[in-house]
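Inspection log for the structure reproduced underneath, given as structure tokens.
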Amino acid sequence: MDNILLVEDKTSMRRMLSQTLRAEGYHVIEAKDGKEALDIFRSNWVDLILTDLQMPEMDGIDLLREIKEEGAPVIIMTAYGTIERAVEAMKLGALDFITKPFDTEHLLIIVKRALDARKVVRENMALKETMSKKYGMPDIIGKSRAIQDVASKVRKVAATDSTILLLGESGTGKELFARTVHQLSDRVRSNFIAINCAAIPSELLESELFGYEKGAFTGADRRKIGYFELAHTGTLFLDEIGELPLPLQGKLLRVIQEKSFQRLGGTKTIHMDVRIVSASNSNFEDLIRQGLFREDLFYRISVVPITIPPLRERRDDIPLLVDHLLKKYEKELNRKGLYIEEETLALMQNQAWKGNVRELENCIERGAILCTGNRILAQDMGISTIRPAEILPGDLFSGQSLQDVSTQAAARAEREMILSVLKQTDWNKTRAAEQLRVSYKTLLTKIKDYELEKER
């Protein structure tokens, strides 16, 4: 039951309003002036304050000044001749005002709207608190000079609003660094919105970014808020921005320059305050030379370019990463005491790790699931397996274990199946993903891992 603090100096009006609100199921606490209301407010949980403007002892304006930092929504009741003071109250943080004499039905609508907005705010705060407790601050693991240099740049640029372009191979943790930028910035209390430009079909990407109005196109039966609006006052992370279609590149450039946009099918200009962090594993010089990426947009998104080093260039960090991941999967899989022997750890430090930290994490998770007891062996993780794209027929029996051969054969079969389905669907990745019964993002990862684009 919502608690409403009703502040009104006229007894008859206070009783009438109290009865009306209680009839709607609200719990009402009455106060005859601002001073009494302030005492009640400080000792009770209050969801909404409904207060008269002109009162003895302490009027509505003074009451508002006292409680404006507490976050409780306030609705002002005012006579016609004091509307200017009601406007003053709005500037001080009042949510709404209503002019006397008023219809009680109208008042109830305003009250319900205010309480609904209050609930949304509380739910969002609860969600953020839950996410914060679950995930905490992003962990940048590593002591190597390469990763420490990157961490230093991230800390310096996080305090600004400059656009950042995170460059690096797939699996190096670019989204982790983007989240770190957000967490260390003044925008931390607002949303961090991530979108993978390669994972959403190009025909849908514009509506996802900018939203649309009802009736904008066939099937648009309601208004949709886009990612730019959701990220207002926060951070928008555009992953794989090198995959952004050229027509959308022009629109994104205008949005960055003008700090405003319109929803699809809309005429209202929406102003936004968004910090943009982009990421890509593409070579932008090649993309620009081939006419696949706008040079002017590249300069806009890369005010501060930061290159994330591949795992093979910071092998000294592997023991720290392994220790971190073991603790993670001990909790997730309820497998206490997981460990990897020094000999196996040394072997891991000599791997190619073409999939970088993501590949390392997959190996640790696999080993934690398949190991017998608490000790994770090399064969549990499959770390000696040659990358599928590098397999040649003669390699299969050159000193490989039976498990290695089985793993390689399974990977080769998977590669051939994906390639076959892509050819059948004329390389329509959305249809191929549906036919293979995997997510669009998983299919894109497999295509890159198996270097299938080269065979297109």
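If you're wondering about the labels, chains in the structure tokens are A, B, ... by order shown, residues count from 1 in each chain, ligands from 1 in order shown.
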Give me, as a Markdown table, each residue of stretch 140-199 of chain A that comes within 10 Å of stretch 343-354 of chain A, together with its shortest interatomic pair and the distance in Å at one decimal, counting only C-alpha atoms, with rows ordered by chain and rising residue number.
| residue | atom | partner | partner_atom | distance |
| --- | --- | --- | --- | --- |
| A:Glu169 | CA | A:Lys354 | CA | 8.5 |
| A:Ser170 | CA | A:Lys354 | CA | 8.5 |
| A:Gly171 | CA | A:Lys354 | CA | 8.6 |
| A:Thr172 | CA | A:Lys354 | CA | 9.8 |
Restricting it to all heavy atoms, dump the selection as an mmCIF file, in the first residue's frame.
data_model
loop_
_atom_site.group_PDB
_atom_site.id
_atom_site.type_symbol
_atom_site.label_atom_id
_atom_site.label_comp_id
_atom_site.auth_asym_id
_atom_site.auth_seq_id
_atom_site.Cartn_x
_atom_site.Cartn_y
_atom_site.Cartn_z
ATOM 1 N N GLU A 169 42.046 -7.980 -31.372
ATOM 2 C CA GLU A 169 41.516 -9.219 -31.920
ATOM 3 C C GLU A 169 40.273 -9.665 -31.151
ATOM 4 O O GLU A 169 40.029 -9.233 -30.034
ATOM 5 C CB GLU A 169 42.598 -10.309 -31.842
ATOM 6 C CG GLU A 169 43.834 -10.009 -32.678
ATOM 7 C CD GLU A 169 44.918 -11.057 -32.502
ATOM 8 O OE1 GLU A 169 44.666 -12.077 -31.814
ATOM 9 O OE2 GLU A 169 46.020 -10.862 -33.042
ATOM 10 N N SER A 170 39.533 -10.557 -31.779
ATOM 11 C CA SER A 170 38.352 -11.115 -31.134
ATOM 12 C C SER A 170 38.755 -11.864 -29.872
ATOM 13 O O SER A 170 39.728 -12.622 -29.865
ATOM 14 C CB SER A 170 37.646 -12.070 -32.099
ATOM 15 O OG SER A 170 36.519 -12.656 -31.490
ATOM 16 N N GLY A 171 38.028 -11.612 -28.790
ATOM 17 C CA GLY A 171 38.287 -12.322 -27.540
ATOM 18 C C GLY A 171 39.257 -11.653 -26.599
ATOM 19 O O GLY A 171 39.593 -12.213 -25.557
ATOM 20 N N THR A 172 39.719 -10.446 -26.937
ATOM 21 C CA THR A 172 40.691 -9.770 -26.068
ATOM 22 C C THR A 172 40.036 -9.053 -24.894
ATOM 23 O O THR A 172 40.725 -8.576 -23.990
ATOM 24 C CB THR A 172 41.534 -8.763 -26.861
ATOM 25 O OG1 THR A 172 40.673 -7.920 -27.634
ATOM 26 C CG2 THR A 172 42.503 -9.474 -27.783
#
Determine which residues of stretch 173-241 of chain A DSSP labels as strand (DSSP E or B) from the backbone of this structure, then write them out as a PyMOL selection string.
chain A and resi 192-196+212+224+235-239
Rounded to one decimal place, report the atom CA of A:Glu105-atom CA of A:Val7 distance in Å.
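According to the coordinates, atom CA of A:Glu105 and atom CA of A:Val7 are separated by 18.8 Å.
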Can you tell me which residues surround A:Glu208 at a distance of at most 7 Å, considering only C-alpha atoms, apart from same-chain residues fewer than 3 positions away, and format the answer as a PyMOL selection string?
chain A and resi 204-205+211+226-227
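Of the listed residues A:Ala199, A:Ile318, A:Ala432, A:Ile40, the one whose atoms come nearest to A:Leu63 is A:Ile40, with distances taken using only C-alpha atoms.
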Per residue of stretch 182-206 of chain A within 12 Å of stretch 273-277 of chain A, record the nearest atom pair and its distance in Å to one decimal, counting only C-alpha atoms, with rows in chain order and ascending residue number, as a tab-separated table.
residue	atom	partner	partner_atom	distance
A:His182	CA	A:Arg275	CA	8.9
A:Ser185	CA	A:Arg275	CA	10.0
A:Asp186	CA	A:Arg275	CA	10.6
A:Arg187	CA	A:Arg275	CA	8.5
A:Val188	CA	A:Arg275	CA	11.3
A:Ser190	CA	A:Val274	CA	10.0
A:Asn191	CA	A:Val274	CA	9.8
A:Phe192	CA	A:Arg275	CA	9.6
A:Ile193	CA	A:Ile276	CA	9.9
A:Ala194	CA	A:Val277	CA	9.4
A:Ile195	CA	A:Val277	CA	10.7
Find the spatial neighbours of stretch 305-314 of chain A, counting only C-alpha atoms, within a cut-off of 6 Å - ignore same-chain residues fewer than 6 positions away - and output them as a PyMOL selection string.
chain A and resi 164-168+172+356
Smallest atom-to-atom distance to A:Ser18: which of A:Ala79, A:Leu252, A:Leu5, A:Ile376, using only C-alpha atoms?
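Checking each of A:Ala79, A:Leu252, A:Leu5, A:Ile376 against A:Ser18, counting only C-alpha atoms, the winner is A:Leu5.
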What does the distance from atom CA of A:Val421 to atom CA of A:Cys197 come to in Å, to one decimal?
22.8 Å
Just list the residues in stretch 135-342 of chain A DSSP gives helix (DSSP H, G or I) on the backbone, as a ChimeraX atom specification.
/A:135,145-158,174-183,202-210,227-230,241-243,246-258,284-289,295-301,311-313,315-333,342
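Residues with any atom within 9 Å of stretch 325-328 of chain A, counting only C-alpha atoms and excluding same-chain neighbours fewer than 2 positions away, are A:Leu320, A:Leu321, A:Val322, A:Asp323, A:Glu330, A:Lys331, A:Glu332, A:Leu333, A:Lys336, A:Gly337, A:Leu338, A:Tyr339, A:Ile340, A:Leu360, A:Glu361, A:Ile364, A:Glu365, A:Ala368.
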Determine, counting only C-alpha atoms, which protein, DNA and RNA residues have an atom within 8 Å of an atom of stretch 212-221 of chain A; residues of the same chain fewer than 3 positions away are not included. Present the result as a list in words.
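Using only C-alpha atoms, the neighbours found are Ser207, Lys224, Ile225, Gly226, Arg263, Leu264, Gly265 and Gly266 of chain A.
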A:Ser280: which residues within 6 Å, counting only C-alpha atoms, same-chain residues fewer than 5 positions away excluded, as a PyMOL selection string?
chain A and resi 167+240-242
For atom CA of A:Thr267 and atom CA of A:Leu246, determine how far apart the two atoms are, in Å to one decimal place.
23.2 Å
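Residue nearest A:Leu287, chosen from A:Ile200, A:Leu244, A:Met272, A:Ala23 and counting only C-alpha atoms: A:Leu244.
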Choose the residue, out of A:Ile4, A:Ile288, A:Ala146, A:Ala178, that has the smallest atom-to-atom separation from A:Glu24; count only C-alpha atoms.
A:Ile4
Among listed residues A:Ala378, A:Lys251, A:Glu175, A:Leu17, nearest A:Phe102 (using only C-alpha atoms):
A:Leu17
